[in-house]
$ cat start36.pdb   # PDB, C-alpha atoms
MODEL        1
ATOM      1  CA  MET A   1      22.129  -3.432   1.150  1.00  0.00           C
ATOM      2  CA  LYS A   2      22.814   0.295   1.051  1.00  0.00           C
ATOM      3  CA  ARG A   3      19.992   1.042  -1.414  1.00  0.00           C
ATOM      4  CA  TYR A   4      17.440   0.670   1.349  1.00  0.00           C
ATOM      5  CA  LEU A   5      19.142   2.832   3.992  1.00  0.00           C
ATOM      6  CA  GLY A   6      18.808   6.563   4.542  1.00  0.00           C
ATOM      7  CA  GLN A   7      16.145   9.158   3.813  1.00  0.00           C
ATOM      8  CA  ARG A   8      13.189   7.648   1.973  1.00  0.00           C
ATOM      9  CA  LYS A   9       9.492   8.316   1.458  1.00  0.00           C
ATOM     10  CA  LEU A  10       6.644   6.359   2.996  1.00  0.00           C
ATOM     11  CA  LEU A  11       3.650   6.196   0.683  1.00  0.00           C
ATOM     12  CA  ARG A  12       0.354   5.048   2.217  1.00  0.00           C
ATOM     13  CA  ILE A  13      -2.693   4.175   0.168  1.00  0.00           C
ATOM     14  CA  TYR A  14      -5.973   3.726   2.025  1.00  0.00           C
ATOM     15  CA  ILE A  15      -8.643   1.704   0.209  1.00  0.00           C
ATOM     16  CA  ALA A  16     -11.290  -0.908   1.041  1.00  0.00           C
ATOM     17  CA  ASN A  17     -10.702  -4.642   0.764  1.00  0.00           C
ATOM     18  CA  ASP A  18     -13.552  -4.973  -1.722  1.00  0.00           C
ATOM     19  CA  ASP A  19     -12.254  -2.284  -4.121  1.00  0.00           C
ATOM     20  CA  THR A  20     -11.546  -3.697  -7.565  1.00  0.00           C
ATOM     21  CA  TYR A  21     -10.038  -2.689 -10.859  1.00  0.00           C
ATOM     22  CA  ASP A  22     -10.948  -4.549 -14.027  1.00  0.00           C
ATOM     23  CA  GLY A  23     -12.674  -7.231 -11.914  1.00  0.00           C
ATOM     24  CA  LYS A  24      -9.636  -7.984  -9.734  1.00  0.00           C
ATOM     25  CA  PRO A  25      -8.773  -6.866  -6.183  1.00  0.00           C
ATOM     26  CA  LEU A  26      -7.298  -3.374  -6.314  1.00  0.00           C
ATOM     27  CA  TRP A  27      -4.759  -4.095  -3.577  1.00  0.00           C
ATOM     28  CA  GLU A  28      -3.274  -6.907  -5.686  1.00  0.00           C
ATOM     29  CA  LEU A  29      -2.906  -4.615  -8.685  1.00  0.00           C
ATOM     30  CA  LEU A  30      -1.233  -1.924  -6.563  1.00  0.00           C
ATOM     31  CA  LEU A  31       1.156  -4.446  -5.014  1.00  0.00           C
ATOM     32  CA  HIS A  32       2.076  -6.146  -8.295  1.00  0.00           C
ATOM     33  CA  THR A  33       2.562  -2.791 -10.034  1.00  0.00           C
ATOM     34  CA  ALA A  34       4.987  -1.736  -7.281  1.00  0.00           C
ATOM     35  CA  GLN A  35       6.900  -4.995  -7.672  1.00  0.00           C
ATOM     36  CA  GLU A  36       7.034  -4.715 -11.465  1.00  0.00           C
ATOM     37  CA  MET A  37       8.324  -1.134 -11.213  1.00  0.00           C
ATOM     38  CA  GLY A  38      11.191  -2.181  -8.935  1.00  0.00           C
ATOM     39  CA  ILE A  39       9.906  -0.489  -5.780  1.00  0.00           C
ATOM     40  CA  ALA A  40      12.023  -1.318  -2.701  1.00  0.00           C
ATOM     41  CA  GLY A  41       9.169  -2.758  -0.632  1.00  0.00           C
ATOM     42  CA  ALA A  42       5.433  -2.809  -0.001  1.00  0.00           C
ATOM     43  CA  THR A  43       3.093  -4.272   2.600  1.00  0.00           C
ATOM     44  CA  VAL A  44      -0.697  -4.572   2.689  1.00  0.00           C
ATOM     45  CA  PHE A  45      -2.386  -4.247   6.093  1.00  0.00           C
ATOM     46  CA  LYS A  46      -5.998  -5.224   6.750  1.00  0.00           C
ATOM     47  CA  GLY A  47      -7.717  -2.991   9.274  1.00  0.00           C
ATOM     48  CA  VAL A  48     -10.077  -4.288  11.919  1.00  0.00           C
ATOM     49  CA  ALA A  49     -12.269  -1.203  11.641  1.00  0.00           C
ATOM     50  CA  GLY A  50     -12.216   2.285  10.215  1.00  0.00           C
ATOM     51  CA  PHE A  51     -14.127   5.124   8.627  1.00  0.00           C
ATOM     52  CA  GLY A  52     -13.355   7.695   5.984  1.00  0.00           C
ATOM     53  CA  ALA A  53     -14.843  10.669   4.189  1.00  0.00           C
ATOM     54  CA  HIS A  54     -18.375   9.222   4.299  1.00  0.00           C
ATOM     55  CA  SER A  55     -18.155   8.800   8.109  1.00  0.00           C
ATOM     56  CA  GLU A  56     -19.511   5.267   7.799  1.00  0.00           C
ATOM     57  CA  ILE A  57     -17.772   2.864  10.180  1.00  0.00           C
ATOM     58  CA  HIS A  58     -16.665  -0.392   8.577  1.00  0.00           C
ATOM     59  CA  THR A  59     -15.858  -3.205  10.955  1.00  0.00           C
ATOM     60  CA  PHE A  60     -15.727  -6.981  11.037  1.00  0.00           C
ATOM     61  CA  ASN A  61     -19.104  -8.594  11.682  1.00  0.00           C
ATOM     62  CA  ILE A  62     -19.331 -12.370  11.989  1.00  0.00           C
ATOM     63  CA  TRP A  63     -22.943 -12.328  10.708  1.00  0.00           C
ATOM     64  CA  VAL A  64     -22.156 -10.553   7.438  1.00  0.00           C
ATOM     65  CA  LEU A  65     -20.907 -12.675   4.537  1.00  0.00           C
ATOM     66  CA  LYS A  66     -19.221  -9.899   2.574  1.00  0.00           C
ATOM     67  CA  GLN A  67     -17.011  -7.726   4.753  1.00  0.00           C
ATOM     68  CA  LYS A  68     -15.979  -4.194   3.800  1.00  0.00           C
ATOM     69  CA  LEU A  69     -12.788  -3.511   5.740  1.00  0.00           C
ATOM     70  CA  PRO A  70     -10.083  -0.875   5.387  1.00  0.00           C
ATOM     71  CA  LEU A  71      -6.758  -1.752   3.787  1.00  0.00           C
ATOM     72  CA  VAL A  72      -3.543   0.237   3.967  1.00  0.00           C
ATOM     73  CA  ILE A  73      -0.780  -0.342   1.447  1.00  0.00           C
ATOM     74  CA  GLU A  74       2.573   0.968   2.683  1.00  0.00           C
ATOM     75  CA  ILE A  75       5.319   1.487   0.150  1.00  0.00           C
ATOM     76  CA  ILE A  76       8.834   2.671   0.959  1.00  0.00           C
ATOM     77  CA  ASP A  77      11.328   3.985  -1.575  1.00  0.00           C
ATOM     78  CA  GLU A  78      12.937   7.114  -2.978  1.00  0.00           C
ATOM     79  CA  MET A  79      10.768   9.852  -4.455  1.00  0.00           C
ATOM     80  CA  GLU A  80      12.332   9.272  -7.880  1.00  0.00           C
ATOM     81  CA  ARG A  81      10.874   5.744  -7.923  1.00  0.00           C
ATOM     82  CA  LEU A  82       7.547   6.644  -6.301  1.00  0.00           C
ATOM     83  CA  ARG A  83       6.665   9.457  -8.708  1.00  0.00           C
ATOM     84  CA  PRO A  84       6.314   7.135 -11.770  1.00  0.00           C
ATOM     85  CA  TYR A  85       4.465   4.601  -9.615  1.00  0.00           C
ATOM     86  CA  LEU A  86       1.933   7.224  -8.535  1.00  0.00           C
ATOM     87  CA  GLU A  87       1.399   8.220 -12.159  1.00  0.00           C
ATOM     88  CA  ALA A  88       0.867   4.576 -13.135  1.00  0.00           C
ATOM     89  CA  ILE A  89      -1.795   3.913 -10.485  1.00  0.00           C
ATOM     90  CA  ASP A  90      -3.570   7.285 -10.410  1.00  0.00           C
ATOM     91  CA  ASP A  91      -6.471   6.257 -12.653  1.00  0.00           C
ATOM     92  CA  LYS A  92      -6.824   2.853 -10.954  1.00  0.00           C
ATOM     93  CA  ILE A  93      -8.018   4.208  -7.580  1.00  0.00           C
ATOM     94  CA  GLU A  94     -11.659   5.248  -7.790  1.00  0.00           C
ATOM     95  CA  GLU A  95     -12.053   6.005  -4.087  1.00  0.00           C
ATOM     96  CA  GLY A  96      -9.227   6.187  -1.590  1.00  0.00           C
ATOM     97  CA  PHE A  97      -6.755   8.318   0.284  1.00  0.00           C
ATOM     98  CA  VAL A  98      -3.056   8.649  -0.513  1.00  0.00           C
ATOM     99  CA  THR A  99      -0.436  10.148   1.821  1.00  0.00           C
ATOM    100  CA  MET A 100       3.319  10.511   1.750  1.00  0.00           C
ATOM    101  CA  SER A 101       5.751  11.297   4.530  1.00  0.00           C
ATOM    102  CA  ASP A 102       9.486  11.377   5.136  1.00  0.00           C
ATOM    103  CA  LEU A 103      11.098   8.308   6.624  1.00  0.00           C
ATOM    104  CA  SER A 104      14.577   7.382   7.868  1.00  0.00           C
ATOM    105  CA  VAL A 105      15.508   3.770   7.213  1.00  0.00           C
ATOM    106  CA  ILE A 106      18.117   2.894   9.826  1.00  0.00           C
ATOM    107  CA  ALA A 107      18.520  -0.846   9.292  1.00  0.00           C
ATOM    108  CA  TYR A 108      17.792  -3.490   6.692  1.00  0.00           C
ATOM    109  CA  LYS A 109      18.434  -7.144   7.489  1.00  0.00           C
ATOM    110  CA  HIS A 110      18.099  -9.977   5.033  1.00  0.00           C
ATOM    111  CA  PRO A 111      20.215 -13.129   4.828  1.00  0.00           C
ATOM    112  CA  LYS A 112      20.616 -12.902   1.024  1.00  0.00           C
ATOM    113  CA  HIS A 113      21.816  -9.283   1.077  1.00  0.00           C
ATOM    114  CA  GLY A 114      23.864  -9.195   4.253  1.00  0.00           C
ATOM    115  CA  ASN A 115      23.064  -6.860   7.099  1.00  0.00           C
ATOM    116  CA  ALA A 116      23.349  -3.118   6.698  1.00  0.00           C
TER     117      ALA A 116
ENDMDL
END

$ encode --input "start36.pdb" --output "structure tokens"
Amino acid sequence: MKRYLGQRKLLRIYIANDDTYDGKPLWELLLHTAQEMGIAGATVFKGVAGFGAHSEIHTFNIWVLKQKLPLVIEIIDEMERLRPYLEAIDDKIEEGFVTMSDLSVIAYKHPKHGNA
């Protein structure tokens, strides 16, 4: 499908797995909002370890019941679609890091859409 090919933007949102909004996991809200707004694609990655502005390392520990681990949400689409998305989620992220970079999509393969 040609919509997915070419110059796009890669939006990355760095949060923690235990971040919430209105009592629900923040990553779920960010993902569902992207889907509802017709964003081309999004993926949530769980980090094994990481640290941020507070320089506190968060890592998996088998002895701790509640884990605080880094999550990265990657979203790919055109700037025209990402701008409204960013406006919609801006007040939902209490603590996090958001980056955007240029990206060249060279292939998209899906049996329902044919190969491009």

$ resolve_selection --input "start36.pdb" --expression "the PyMOL selection byres ((chain A and resi 32) around 12)" --output "number ranges by chain"
A: 24-31, 33-39, 41-44, 73, 75, 85, 88-89

$ closest_residue --input "start36.pdb" --among "A:Asp77, A:Phe97, A:Lys68, A:Leu103" --to "Ala16 (chain A)" --atoms "only C-alpha atoms"
A:Lys68

$ residues_around --input "start36.pdb" --residues "Gly96 (chain A)" --least-positions-apart "4" --cutoff "9 Å" --atoms "only C-alpha atoms" --output "JSON, numbers by chain"
{"A": [13, 14, 15, 16, 52]}

$ atom_distance --input "start36.pdb" --atom1 "CA of Ile76 (chain A)" --atom2 "CA of Glu56 (chain A)"
29.3 Å

$ closest_residue --input "start36.pdb" --among "A:Arg81, A:Val72, A:Asp18, A:Gln67" --to "Gly47 (chain A)" --atoms "only C-alpha atoms"
A:Val72

$ residues_around --input "start36.pdb" --residues "Gly6 (chain A)" --least-positions-apart "4" --cutoff "7 Å" --atoms "only C-alpha atoms" --output "PyMOL selection string"
chain A and resi 104-106

$ write_last_selection --input "start36.pdb" --atoms "C-alpha atoms" --output "short mmCIF file (atom, residue, chain, number, x, y, z; two decimals), in the frame of the given file"
data_model
loop_
_atom_site.label_atom_id
_atom_site.label_comp_id
_atom_site.auth_asym_id
_atom_site.auth_seq_id
_atom_site.Cartn_x
_atom_site.Cartn_y
_atom_site.Cartn_z
CA SER A 104 14.58 7.38 7.87
CA VAL A 105 15.51 3.77 7.21
CA ILE A 106 18.12 2.89 9.83
#

$ closest_residue --input "start36.pdb" --among "A:Lys92, A:Pro70, A:Asp22, A:Met79" --to "Lys46 (chain A)" --atoms "all atoms listed in the file"
A:Pro70

$ closest_residue --input "start36.pdb" --among "A:Lys109, A:Val48, A:Gly23, A:Asp102" --to "Lys9 (chain A)" --atoms "only C-alpha atoms"
A:Asp102

$ atom_distance --input "start36.pdb" --atom1 "CA of Tyr4 (chain A)" --atom2 "CA of Glu87 (chain A)"
22.3 Å

$ closest_residue --input "start36.pdb" --among "A:Lys112, A:Phe45, A:Ser101, A:Arg8" --to "Glu74 (chain A)" --atoms "only C-alpha atoms"
A:Phe45

$ residues_around --input "start36.pdb" --residues "Arg3 (chain A)" --least-positions-apart "6" --cutoff "10 Å" --atoms "all atoms listed in the file" --output "PyMOL selection string"
chain A and resi 40+77-78+108+116

$ axis_aligned_box --input "start36.pdb" --around "region 27-43 of chain A" --padding-each-side "8 Å" --output "lines of an AutoDock Vina configuration file"
center_x = 3.6
center_y = -3.7
center_z = -4.4
size_x = 32.8
size_y = 22.4
size_z = 30.1

$ closest_residue --input "start36.pdb" --among "A:Leu86, A:Gly50, A:Glu95, A:Glu80" --to "Tyr21 (chain A)" --atoms "only C-alpha atoms"
A:Glu95

$ atom_distance --input "start36.pdb" --atom1 "CA of Ala107 (chain A)" --atom2 "CA of Leu5 (chain A)"
6.5 Å
